[in-house]
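To start, the structure under review is shown below, and the notes come after it.
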Amino acid sequence: DWQSYADGLSIGKAHSAPLMIVLHQTYCGACKGLARTFDGSTKIAEAAKHFVMVNAKNDEQPNGDSAFQGDGAYTPKIIFFDPVSEQVIRGIIGPNPYYKDFYQKEQDVLAAMAKAQELFVASKPPEHGQGGFTPLSARPDGLAADKEEEPYVDDDEPPSFSDHEEL
């Protein structure tokens with residue numbers, strides 16, 4: 001389920017769950033490409049169960065906070081956020097060194113999700129607990145970040161947006 005930033009922050013704090021914030025614009029072609037990646041991936045849907053998923057589009061983006069600017073004000077951008085400390089989870093770099101929060105391919109999104117979960121869990125003191133989450137890299141269901149994946153090839157017709165709420 002996609003949440004607004006305000007709702008996602010409240011839910012994340014209540015459940016000690018990391019936020020995965022997708023910053024995008026409805027008119028942006030690359031953003032629509034990322035939406036198709038999400039729509040067509042059962043693996044991303046499964047991995048999303050370990051996050052509070054935040055849909056921050058257009059004027060809903062927390063752009064006033066410089067922490068979300070990172071390496072620039074581009075979209076789409078995926079930011080991982082610790083709602084307890086209210087800090088961006090650092091140490092996750094996407095496939096493009098110039099646009100570190102830009103993702104398009106399923107395997108890159110999954111690797112970033114696994115790394116974010118690992119860093120989030122590692123940042124919690126033992127008495128705080130781990131929010132009931134198992135790091136994705138420790139899961140036996142094929143979501144490990146270090147799993148060898150087939151090269152990305154987009155031969156199929158992209159999924160339809162007709163039944164999909166915007167990313």
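Letters A, B, ... mark the chains of the structure tokens in the order given; residue numbers begin at 1 per chain; ligand numbers begin at 1, in order shown.
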- Task: Fewer than 6 positions away in the same chain doesn't count, so skip those; otherwise give me all residues within 6 Å of segment 18-34 of chain A, counting only C-alpha atoms, as a ChimeraX atom specification.
- Result: /A:51-58,75-82,104
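Between atom CA of Val84 of chain A and atom CA of Thr37 of chain A lies a distance of 28.9 Å.
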- Message: Report, in Å with one decimal, the straight-line distance from atom CA of Gln87 of chain A to atom CA of Tyr103 of chain A.
- Response: 20.6 Å
- Query: Per DSSP on the backbone, what are the helix (DSSP H, G or I) residues of segment 29-136 of chain A, as a PyMOL selection string?
  - Reply: chain A and resi 29-39+42-50+58-60+66-68+106-122+136
- Query: If you run DSSP on this backbone, which residues of segment 53-111 of chain A come out as strand (DSSP E), and could you give them as number ranges by chain?
  - Reply: A: 53-57, 77-82, 87-88
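By chain and then residue number, the residues within 10 Å of Ala17 of chain A are Gly8, Leu9, Ile11, Gly12, Lys13, Lys49, His50, Phe51, Val52, Phe81, Asp82, Pro83, Val84, Gln117, Phe120, Val121, Gln130, Gly131, Gly132 and Phe133 of chain A, counting only C-alpha atoms and disregarding those fewer than 4 positions away in sequence.
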Could you write out that same residue set with all heavy atoms as a short mmCIF file (atom, residue, chain, number, x, y, z; two decimals), in the first residue's frame?
```cif
data_model
loop_
_atom_site.label_atom_id
_atom_site.label_comp_id
_atom_site.auth_asym_id
_atom_site.auth_seq_id
_atom_site.Cartn_x
_atom_site.Cartn_y
_atom_site.Cartn_z
N GLY A 8 3.09 7.94 5.99
CA GLY A 8 4.18 6.96 6.01
C GLY A 8 5.11 7.18 7.19
O GLY A 8 5.54 6.22 7.83
N LEU A 9 5.40 8.43 7.49
CA LEU A 9 6.26 8.75 8.63
C LEU A 9 5.62 8.27 9.93
O LEU A 9 6.28 7.65 10.76
CB LEU A 9 6.55 10.25 8.66
CG LEU A 9 7.60 10.73 9.63
CD1 LEU A 9 8.96 10.08 9.36
CD2 LEU A 9 7.74 12.25 9.53
N ILE A 11 3.31 5.88 10.30
CA ILE A 11 3.26 4.41 10.30
C ILE A 11 4.65 3.85 10.57
O ILE A 11 4.82 2.92 11.36
CB ILE A 11 2.71 3.89 8.95
CG1 ILE A 11 1.24 4.27 8.80
CG2 ILE A 11 2.89 2.37 8.84
CD1 ILE A 11 0.69 4.08 7.39
N GLY A 12 5.67 4.41 9.93
CA GLY A 12 7.04 3.95 10.13
C GLY A 12 7.48 4.09 11.57
O GLY A 12 8.11 3.19 12.13
N LYS A 13 7.14 5.21 12.20
CA LYS A 13 7.50 5.41 13.61
C LYS A 13 6.77 4.41 14.50
O LYS A 13 7.36 3.84 15.42
CB LYS A 13 7.16 6.84 14.05
CG LYS A 13 8.14 7.86 13.57
CD LYS A 13 7.78 9.26 14.06
CE LYS A 13 8.79 10.27 13.58
NZ LYS A 13 8.51 11.61 14.10
N LYS A 49 7.06 -5.42 1.40
CA LYS A 49 6.43 -5.77 2.67
C LYS A 49 7.32 -5.40 3.86
O LYS A 49 6.85 -5.35 4.98
CB LYS A 49 6.08 -7.25 2.71
CG LYS A 49 5.01 -7.64 1.70
CD LYS A 49 4.76 -9.13 1.72
CE LYS A 49 3.75 -9.52 0.66
NZ LYS A 49 3.53 -10.97 0.62
N HIS A 50 8.59 -5.14 3.61
CA HIS A 50 9.54 -4.80 4.67
C HIS A 50 9.72 -3.30 4.82
O HIS A 50 10.59 -2.86 5.57
CB HIS A 50 10.89 -5.47 4.38
CG HIS A 50 10.80 -6.96 4.38
ND1 HIS A 50 10.83 -7.70 5.52
CD2 HIS A 50 10.62 -7.82 3.36
CE1 HIS A 50 10.70 -8.97 5.21
NE2 HIS A 50 10.57 -9.07 3.91
N PHE A 51 8.92 -2.53 4.10
CA PHE A 51 9.03 -1.07 4.11
C PHE A 51 7.65 -0.44 4.21
O PHE A 51 6.65 -1.06 3.87
CB PHE A 51 9.67 -0.57 2.80
CG PHE A 51 11.08 -1.00 2.61
CD1 PHE A 51 11.39 -2.22 2.01
CD2 PHE A 51 12.13 -0.20 3.03
CE1 PHE A 51 12.69 -2.63 1.84
CE2 PHE A 51 13.45 -0.59 2.87
CZ PHE A 51 13.73 -1.82 2.28
N VAL A 52 7.63 0.80 4.62
CA VAL A 52 6.45 1.63 4.44
C VAL A 52 6.70 2.34 3.11
O VAL A 52 7.68 3.08 2.98
CB VAL A 52 6.27 2.65 5.58
CG1 VAL A 52 5.07 3.55 5.31
CG2 VAL A 52 6.13 1.93 6.92
N PHE A 81 14.52 5.96 4.25
CA PHE A 81 14.45 6.87 5.38
C PHE A 81 14.13 6.12 6.66
O PHE A 81 13.27 5.25 6.69
CB PHE A 81 13.35 7.90 5.09
CG PHE A 81 13.31 9.07 6.00
CD1 PHE A 81 14.24 10.10 5.89
CD2 PHE A 81 12.34 9.19 6.98
CE1 PHE A 81 14.20 11.21 6.73
CE2 PHE A 81 12.28 10.29 7.82
CZ PHE A 81 13.22 11.30 7.69
N ASP A 82 14.87 6.47 7.72
CA ASP A 82 14.63 5.89 9.05
C ASP A 82 13.68 6.84 9.78
O ASP A 82 14.08 7.95 10.15
CB ASP A 82 15.95 5.76 9.80
CG ASP A 82 15.80 5.15 11.18
OD1 ASP A 82 14.70 5.21 11.76
OD2 ASP A 82 16.80 4.62 11.70
N PRO A 83 12.43 6.44 10.01
CA PRO A 83 11.47 7.34 10.63
C PRO A 83 11.73 7.58 12.13
O PRO A 83 11.27 8.56 12.68
CB PRO A 83 10.13 6.63 10.42
CG PRO A 83 10.49 5.20 10.38
CD PRO A 83 11.84 5.14 9.71
N VAL A 84 12.45 6.68 12.76
CA VAL A 84 12.74 6.83 14.18
C VAL A 84 13.77 7.93 14.39
O VAL A 84 13.58 8.86 15.18
CB VAL A 84 13.19 5.49 14.80
CG1 VAL A 84 13.55 5.65 16.26
CG2 VAL A 84 12.10 4.43 14.63
N GLN A 117 17.44 -2.26 3.97
CA GLN A 117 16.95 -3.08 5.08
C GLN A 117 18.11 -3.51 5.98
O GLN A 117 18.02 -3.44 7.20
CB GLN A 117 16.21 -4.30 4.55
CG GLN A 117 15.56 -5.14 5.62
CD GLN A 117 14.46 -4.39 6.33
OE1 GLN A 117 13.71 -3.63 5.74
NE2 GLN A 117 14.36 -4.58 7.64
N PHE A 120 19.27 -0.46 7.93
CA PHE A 120 18.26 -0.07 8.91
C PHE A 120 18.34 -0.98 10.13
O PHE A 120 18.37 -0.52 11.27
CB PHE A 120 16.87 -0.11 8.30
CG PHE A 120 15.77 0.23 9.26
CD1 PHE A 120 15.54 1.56 9.62
CD2 PHE A 120 14.97 -0.75 9.81
CE1 PHE A 120 14.53 1.88 10.51
CE2 PHE A 120 13.97 -0.43 10.71
CZ PHE A 120 13.74 0.89 11.06
N VAL A 121 18.37 -2.28 9.91
CA VAL A 121 18.43 -3.24 11.01
C VAL A 121 19.73 -3.08 11.79
O VAL A 121 19.73 -3.07 13.02
CB VAL A 121 18.26 -4.69 10.48
CG1 VAL A 121 18.55 -5.71 11.57
CG2 VAL A 121 16.85 -4.88 9.95
N GLN A 130 14.40 -5.13 16.13
CA GLN A 130 14.55 -4.96 14.69
C GLN A 130 13.21 -4.75 14.01
O GLN A 130 13.07 -4.95 12.83
CB GLN A 130 15.25 -6.18 14.09
CG GLN A 130 16.66 -6.33 14.59
CD GLN A 130 17.36 -7.51 13.97
OE1 GLN A 130 16.78 -8.25 13.17
NE2 GLN A 130 18.61 -7.71 14.33
N GLY A 131 12.20 -4.36 14.77
CA GLY A 131 10.92 -4.08 14.15
C GLY A 131 10.26 -5.32 13.58
O GLY A 131 9.34 -5.21 12.80
N GLY A 132 10.71 -6.51 13.96
CA GLY A 132 10.11 -7.73 13.44
C GLY A 132 10.52 -8.05 12.02
O GLY A 132 9.95 -8.92 11.40
N PHE A 133 11.50 -7.37 11.47
CA PHE A 133 11.90 -7.58 10.09
C PHE A 133 13.12 -8.48 10.01
O PHE A 133 13.98 -8.46 10.87
CB PHE A 133 12.21 -6.25 9.41
CG PHE A 133 11.01 -5.40 9.24
CD1 PHE A 133 10.79 -4.33 10.08
CD2 PHE A 133 10.08 -5.67 8.26
CE1 PHE A 133 9.67 -3.53 9.93
CE2 PHE A 133 8.96 -4.89 8.11
CZ PHE A 133 8.75 -3.82 8.95
#
```
